[in-house]
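Text of entry_20.cif (mmCIF, C-alpha atoms, pLDDT in the B column; chains and numbers go by the auth columns) as supplied:
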data_entry
#
loop_
_atom_site.group_PDB
_atom_site.id
_atom_site.type_symbol
_atom_site.label_atom_id
_atom_site.label_comp_id
_atom_site.label_asym_id
_atom_site.label_seq_id
_atom_site.Cartn_x
_atom_site.Cartn_y
_atom_site.Cartn_z
_atom_site.B_iso_or_equiv
_atom_site.auth_seq_id
_atom_site.auth_asym_id
ATOM 1 C CA GLY A 1 -22.584 -3.272 -3.907 93.00 75 A
ATOM 2 C CA SER A 2 -19.552 -3.126 -1.666 94.00 76 A
ATOM 3 C CA THR A 3 -15.911 -2.100 -1.649 95.00 77 A
ATOM 4 C CA CYS A 4 -13.016 -1.879 0.791 94.00 78 A
ATOM 5 C CA PRO A 5 -11.602 1.331 2.271 94.00 79 A
ATOM 6 C CA HIS A 6 -8.166 0.859 0.702 94.00 80 A
ATOM 7 C CA TYR A 7 -9.720 1.136 -2.773 96.00 81 A
ATOM 8 C CA LEU A 8 -11.226 4.500 -1.756 97.00 82 A
ATOM 9 C CA LEU A 9 -8.034 5.855 -0.195 96.00 83 A
ATOM 10 C CA PHE A 10 -5.180 4.760 -2.459 97.00 84 A
ATOM 11 C CA THR A 11 -4.206 4.536 -6.131 97.00 85 A
ATOM 12 C CA HIS A 12 -1.528 2.570 -7.948 93.00 86 A
ATOM 13 C CA ASP A 13 0.796 5.549 -7.337 95.00 87 A
ATOM 14 C CA ASP A 14 0.565 4.879 -3.599 95.00 88 A
ATOM 15 C CA VAL A 15 1.327 1.203 -4.203 90.00 89 A
ATOM 16 C CA ALA A 16 4.431 2.186 -6.166 89.00 90 A
ATOM 17 C CA ALA A 17 5.545 4.497 -3.352 93.00 91 A
ATOM 18 C CA ARG A 18 4.732 2.195 -0.426 90.00 92 A
ATOM 19 C CA GLY A 19 5.528 -1.171 -1.959 84.00 93 A
ATOM 20 C CA ASN A 20 4.212 -4.425 -0.580 84.00 94 A
ATOM 21 C CA GLU A 21 2.445 -2.682 2.285 83.00 95 A
ATOM 22 C CA LEU A 22 -0.397 -2.079 -0.187 86.00 96 A
ATOM 23 C CA VAL A 23 -0.322 -5.380 -2.054 82.00 97 A
ATOM 24 C CA VAL A 24 -3.916 -6.653 -2.094 83.00 98 A
ATOM 25 C CA TRP A 25 -6.037 -8.761 -4.405 82.00 99 A
ATOM 26 C CA PRO A 26 -7.626 -7.486 -6.524 88.00 100 A
ATOM 27 C CA SER A 27 -4.938 -4.870 -6.900 89.00 101 A
ATOM 28 C CA ILE A 28 -5.437 -1.176 -6.195 94.00 102 A
ATOM 29 C CA LYS A 29 -6.067 0.635 -9.473 96.00 103 A
ATOM 30 C CA GLY A 30 -5.685 4.170 -10.802 97.00 104 A
ATOM 31 C CA PRO A 31 -7.312 7.518 -9.977 97.00 105 A
ATOM 32 C CA ARG A 32 -10.196 6.960 -12.421 98.00 106 A
ATOM 33 C CA ASP A 33 -11.226 3.724 -10.700 97.00 107 A
ATOM 34 C CA ARG A 34 -10.938 5.353 -7.269 97.00 108 A
ATOM 35 C CA ARG A 35 -13.095 8.262 -8.429 98.00 109 A
ATOM 36 C CA ARG A 36 -15.746 5.880 -9.806 98.00 110 A
ATOM 37 C CA LEU A 37 -15.876 3.982 -6.514 97.00 111 A
ATOM 38 C CA LEU A 38 -16.272 7.237 -4.583 98.00 112 A
ATOM 39 C CA GLU A 39 -19.097 8.215 -6.939 98.00 113 A
ATOM 40 C CA GLY A 40 -20.696 4.853 -6.185 98.00 114 A
ATOM 41 C CA VAL A 41 -20.528 5.563 -2.452 97.00 115 A
ATOM 42 C CA ASP A 42 -21.965 9.057 -2.953 97.00 116 A
ATOM 43 C CA SER A 43 -24.822 7.773 -5.117 98.00 117 A
ATOM 44 C CA GLY A 44 -25.682 4.874 -2.819 97.00 118 A
ATOM 45 C CA ALA A 45 -24.793 2.235 -5.403 97.00 119 A
ATOM 46 C CA ILE A 46 -22.070 1.073 -2.992 97.00 120 A
ATOM 47 C CA GLU A 47 -23.782 0.518 0.331 96.00 121 A
ATOM 48 C CA ILE A 48 -21.242 -1.544 2.271 96.00 122 A
ATOM 49 C CA LEU A 49 -17.597 -0.989 3.176 95.00 123 A
ATOM 50 C CA THR A 50 -15.946 -4.296 4.015 92.00 124 A
ATOM 51 C CA SER A 51 -12.502 -5.091 5.335 85.00 125 A
ATOM 52 C CA GLY A 52 -11.669 -7.582 2.607 73.00 126 A
ATOM 53 C CA HIS A 53 -9.077 -8.717 5.113 71.00 127 A
ATOM 54 C CA GLN A 54 -7.076 -11.869 4.778 71.00 128 A
ATOM 55 C CA PRO A 55 -4.474 -12.175 7.518 72.00 129 A
ATOM 56 C CA CYS A 56 -0.968 -11.700 6.193 75.00 130 A
ATOM 57 C CA ALA A 57 2.233 -12.050 8.199 76.00 131 A
ATOM 58 C CA LEU A 58 4.787 -9.243 8.026 77.00 132 A
ATOM 59 C CA GLU A 59 7.253 -11.767 6.626 81.00 133 A
ATOM 60 C CA GLN A 60 4.930 -12.324 3.679 79.00 134 A
ATOM 61 C CA LYS A 61 4.747 -8.589 2.936 76.00 135 A
ATOM 62 C CA ALA A 62 8.550 -8.407 3.145 81.00 136 A
ATOM 63 C CA ARG A 63 8.978 -10.784 0.203 82.00 137 A
ATOM 64 C CA PRO A 64 9.769 -9.475 -3.288 79.00 138 A
ATOM 65 C CA TYR A 65 6.647 -8.008 -4.915 72.00 139 A
ATOM 66 C CA ALA A 66 6.017 -10.962 -7.239 72.00 140 A
ATOM 67 C CA GLU A 67 6.010 -13.310 -4.236 76.00 141 A
ATOM 68 C CA ALA A 68 4.076 -11.157 -1.762 70.00 142 A
ATOM 69 C CA LEU A 69 0.701 -12.703 -2.582 63.00 143 A
ATOM 70 C CA GLU A 70 1.876 -16.316 -2.372 61.00 144 A
#

Just give me the structure of the file as structure tokens.
Amino acid sequence: GSTCPHYLLFTHDDVAARGNELVVWPSIKGPRDRRRLLEGVDSGAIEILTSGHQPCALEQKARPYAEALE
């Protein structure tokens, strides 16, 4: 399997604190999900870290939250 670094580093609390800077799809989840992903990396079940990157202009991230992914 694979995951992206932002899912290993952040939780929904960070999204709430940092706003649209951390708006991604699928969304960043809670501490339990982060812990499970880290366990997957440790066990070897997650073998690949990808960027999951889709270019996004700063203007897009500056939109209200509900519009940031449009």

Just say which residues the PyMOL selection byres ((chain A and resi 126) around 9) picks in this file, as a PDB file with C-alpha atoms, in the coordinates of the input.
ATOM      1  CA  THR A  77     -15.911  -2.100  -1.649  1.00 95.00           C
ATOM      2  CA  CYS A  78     -13.016  -1.879   0.791  1.00 94.00           C
ATOM      3  CA  PRO A  79     -11.602   1.331   2.271  1.00 94.00           C
ATOM      4  CA  LEU A 123     -17.597  -0.989   3.176  1.00 95.00           C
ATOM      5  CA  THR A 124     -15.946  -4.296   4.015  1.00 92.00           C
ATOM      6  CA  SER A 125     -12.502  -5.091   5.335  1.00 85.00           C
ATOM      7  CA  HIS A 127      -9.077  -8.717   5.113  1.00 71.00           C
ATOM      8  CA  GLN A 128      -7.076 -11.869   4.778  1.00 71.00           C
TER       9      GLN A 128
END

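Nearest to Val89 of chain A of all the residues A:Pro138, A:Gly118, A:Pro129, A:Gly104 is A:Gly104, counting all atoms listed in the file.
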
Residues within 9 Å of (-4.8, 1.1, -6.1), file coords, all atoms listed in the file, listed as a PyMOL selection string: chain A and resi 80-89+96-98+101-105+107-108

Mind giving me the axis-aligned box for segment 121-131 of chain A with 8 Å on every side, centre plus edges in Å to one decimal, as JSON?
{"center_x": -10.8, "center_y": -5.8, "center_z": 4.3, "size_x": 42.0, "size_y": 28.7, "size_z": 23.9}

Atom CA of Ala119 of chain A to atom CA of Trp99 of chain A, straight-line distance in Å: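 Taking atom CA of Trp99 of chain A and atom CA of Ala119 of chain A, their separation equals 21.8 Å.
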
Option closest in space to Ser117 of chain A, from A:Gly75, A:Pro100, A:Ala131, A:Tyr139 [counting all atoms listed in the file]: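 Using all atoms listed in the file, the shortest distance to Ser117 of chain A belongs to A:Gly75.
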
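Note that atom CA of Glu95 of chain A and atom CA of Leu111 of chain A are 21.4 Å apart.
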
Atomic distance atom CA of Leu132 of chain A - atom CA of Ser76 of chain A, expressed in Å with one decimal: 26.9 Å

Can you fill out segment 86-97 of chain A with all heavy atoms and hand it back as a PDB file, in the frame of the given file?
ATOM      1  N   HIS A  86      -2.742   3.321  -7.614  1.00 93.00           N
ATOM      2  CA  HIS A  86      -1.528   2.570  -7.948  1.00 93.00           C
ATOM      3  C   HIS A  86      -0.262   3.389  -7.691  1.00 93.00           C
ATOM      4  O   HIS A  86       0.809   2.829  -7.476  1.00 93.00           O
ATOM      5  CB  HIS A  86      -1.563   2.033  -9.375  1.00 93.00           C
ATOM      6  CG  HIS A  86      -1.799   3.071 -10.419  1.00 93.00           C
ATOM      7  ND1 HIS A  86      -0.909   4.075 -10.719  1.00 93.00           N
ATOM      8  CD2 HIS A  86      -2.851   3.246 -11.254  1.00 93.00           C
ATOM      9  CE1 HIS A  86      -1.395   4.822 -11.683  1.00 93.00           C
ATOM     10  NE2 HIS A  86      -2.579   4.345 -12.023  1.00 93.00           N
ATOM     11  N   ASP A  87      -0.363   4.715  -7.670  1.00 95.00           N
ATOM     12  CA  ASP A  87       0.796   5.549  -7.337  1.00 95.00           C
ATOM     13  C   ASP A  87       1.225   5.325  -5.883  1.00 95.00           C
ATOM     14  O   ASP A  87       2.414   5.301  -5.575  1.00 95.00           O
ATOM     15  CB  ASP A  87       0.491   7.028  -7.567  1.00 95.00           C
ATOM     16  CG  ASP A  87       0.287   7.352  -9.033  1.00 95.00           C
ATOM     17  OD1 ASP A  87       0.918   6.685  -9.891  1.00 95.00           O
ATOM     18  OD2 ASP A  87      -0.505   8.262  -9.328  1.00 95.00           O
ATOM     19  N   ASP A  88       0.256   5.157  -5.000  1.00 95.00           N
ATOM     20  CA  ASP A  88       0.565   4.879  -3.599  1.00 95.00           C
ATOM     21  C   ASP A  88       1.216   3.504  -3.457  1.00 95.00           C
ATOM     22  O   ASP A  88       2.129   3.322  -2.653  1.00 95.00           O
ATOM     23  CB  ASP A  88      -0.695   4.953  -2.739  1.00 95.00           C
ATOM     24  CG  ASP A  88      -1.314   6.329  -2.758  1.00 95.00           C
ATOM     25  OD1 ASP A  88      -0.617   7.290  -2.359  1.00 95.00           O
ATOM     26  OD2 ASP A  88      -2.473   6.442  -3.180  1.00 95.00           O
ATOM     27  N   VAL A  89       0.742   2.545  -4.228  1.00 90.00           N
ATOM     28  CA  VAL A  89       1.327   1.203  -4.203  1.00 90.00           C
ATOM     29  C   VAL A  89       2.788   1.277  -4.638  1.00 90.00           C
ATOM     30  O   VAL A  89       3.667   0.678  -4.012  1.00 90.00           O
ATOM     31  CB  VAL A  89       0.532   0.225  -5.087  1.00 90.00           C
ATOM     32  CG1 VAL A  89       1.200  -1.135  -5.127  1.00 90.00           C
ATOM     33  CG2 VAL A  89      -0.914   0.100  -4.609  1.00 90.00           C
ATOM     34  N   ALA A  90       3.057   2.038  -5.686  1.00 89.00           N
ATOM     35  CA  ALA A  90       4.431   2.186  -6.166  1.00 89.00           C
ATOM     36  C   ALA A  90       5.315   2.831  -5.099  1.00 89.00           C
ATOM     37  O   ALA A  90       6.465   2.443  -4.914  1.00 89.00           O
ATOM     38  CB  ALA A  90       4.454   3.012  -7.446  1.00 89.00           C
ATOM     39  N   ALA A  91       4.764   3.780  -4.368  1.00 93.00           N
ATOM     40  CA  ALA A  91       5.545   4.497  -3.352  1.00 93.00           C
ATOM     41  C   ALA A  91       5.720   3.684  -2.074  1.00 93.00           C
ATOM     42  O   ALA A  91       6.765   3.757  -1.430  1.00 93.00           O
ATOM     43  CB  ALA A  91       4.874   5.831  -3.026  1.00 93.00           C
ATOM     44  N   ARG A  92       4.707   2.897  -1.717  1.00 90.00           N
ATOM     45  CA  ARG A  92       4.732   2.195  -0.426  1.00 90.00           C
ATOM     46  C   ARG A  92       5.095   0.719  -0.541  1.00 90.00           C
ATOM     47  O   ARG A  92       5.277   0.046   0.471  1.00 90.00           O
ATOM     48  CB  ARG A  92       3.386   2.351   0.260  1.00 90.00           C
ATOM     49  CG  ARG A  92       3.107   3.813   0.607  1.00 90.00           C
ATOM     50  CD  ARG A  92       1.757   4.010   1.161  1.00 90.00           C
ATOM     51  NE  ARG A  92       1.760   3.767   2.585  1.00 90.00           N
ATOM     52  CZ  ARG A  92       0.859   4.271   3.410  1.00 90.00           C
ATOM     53  NH1 ARG A  92      -0.109   5.025   2.957  1.00 90.00           N
ATOM     54  NH2 ARG A  92       0.920   3.996   4.684  1.00 90.00           N
ATOM     55  N   GLY A  93       5.116   0.211  -1.755  1.00 84.00           N
ATOM     56  CA  GLY A  93       5.528  -1.171  -1.959  1.00 84.00           C
ATOM     57  C   GLY A  93       4.516  -2.189  -1.457  1.00 84.00           C
ATOM     58  O   GLY A  93       3.305  -1.960  -1.494  1.00 84.00           O
ATOM     59  N   ASN A  94       5.043  -3.284  -0.950  1.00 84.00           N
ATOM     60  CA  ASN A  94       4.212  -4.425  -0.580  1.00 84.00           C
ATOM     61  C   ASN A  94       3.216  -4.142   0.534  1.00 84.00           C
ATOM     62  O   ASN A  94       2.296  -4.920   0.749  1.00 84.00           O
ATOM     63  CB  ASN A  94       5.087  -5.608  -0.187  1.00 84.00           C
ATOM     64  CG  ASN A  94       5.778  -6.221  -1.378  1.00 84.00           C
ATOM     65  OD1 ASN A  94       5.600  -5.774  -2.510  1.00 84.00           O
ATOM     66  ND2 ASN A  94       6.571  -7.234  -1.135  1.00 84.00           N
ATOM     67  N   GLU A  95       3.401  -3.057   1.240  1.00 83.00           N
ATOM     68  CA  GLU A  95       2.445  -2.682   2.285  1.00 83.00           C
ATOM     69  C   GLU A  95       1.027  -2.604   1.716  1.00 83.00           C
ATOM     70  O   GLU A  95       0.059  -2.878   2.402  1.00 83.00           O
ATOM     71  CB  GLU A  95       2.860  -1.328   2.868  1.00 83.00           C
ATOM     72  CG  GLU A  95       1.973  -0.803   3.946  1.00 83.00           C
ATOM     73  CD  GLU A  95       2.435   0.559   4.446  1.00 83.00           C
ATOM     74  OE1 GLU A  95       3.613   0.907   4.284  1.00 83.00           O
ATOM     75  OE2 GLU A  95       1.585   1.279   4.983  1.00 83.00           O
ATOM     76  N   LEU A  96       0.916  -2.228   0.447  1.00 86.00           N
ATOM     77  CA  LEU A  96      -0.397  -2.079  -0.187  1.00 86.00           C
ATOM     78  C   LEU A  96      -0.692  -3.162  -1.227  1.00 86.00           C
ATOM     79  O   LEU A  96      -1.558  -2.980  -2.070  1.00 86.00           O
ATOM     80  CB  LEU A  96      -0.518  -0.696  -0.837  1.00 86.00           C
ATOM     81  CG  LEU A  96      -0.560   0.468   0.135  1.00 86.00           C
ATOM     82  CD1 LEU A  96      -0.615   1.792  -0.614  1.00 86.00           C
ATOM     83  CD2 LEU A  96      -1.757   0.347   1.069  1.00 86.00           C
ATOM     84  N   VAL A  97      -0.010  -4.288  -1.138  1.00 82.00           N
ATOM     85  CA  VAL A  97      -0.322  -5.380  -2.054  1.00 82.00           C
ATOM     86  C   VAL A  97      -1.594  -6.058  -1.560  1.00 82.00           C
ATOM     87  O   VAL A  97      -1.649  -6.573  -0.448  1.00 82.00           O
ATOM     88  CB  VAL A  97       0.832  -6.400  -2.131  1.00 82.00           C
ATOM     89  CG1 VAL A  97       0.407  -7.638  -2.904  1.00 82.00           C
ATOM     90  CG2 VAL A  97       2.040  -5.765  -2.789  1.00 82.00           C
TER      91      VAL A  97
END
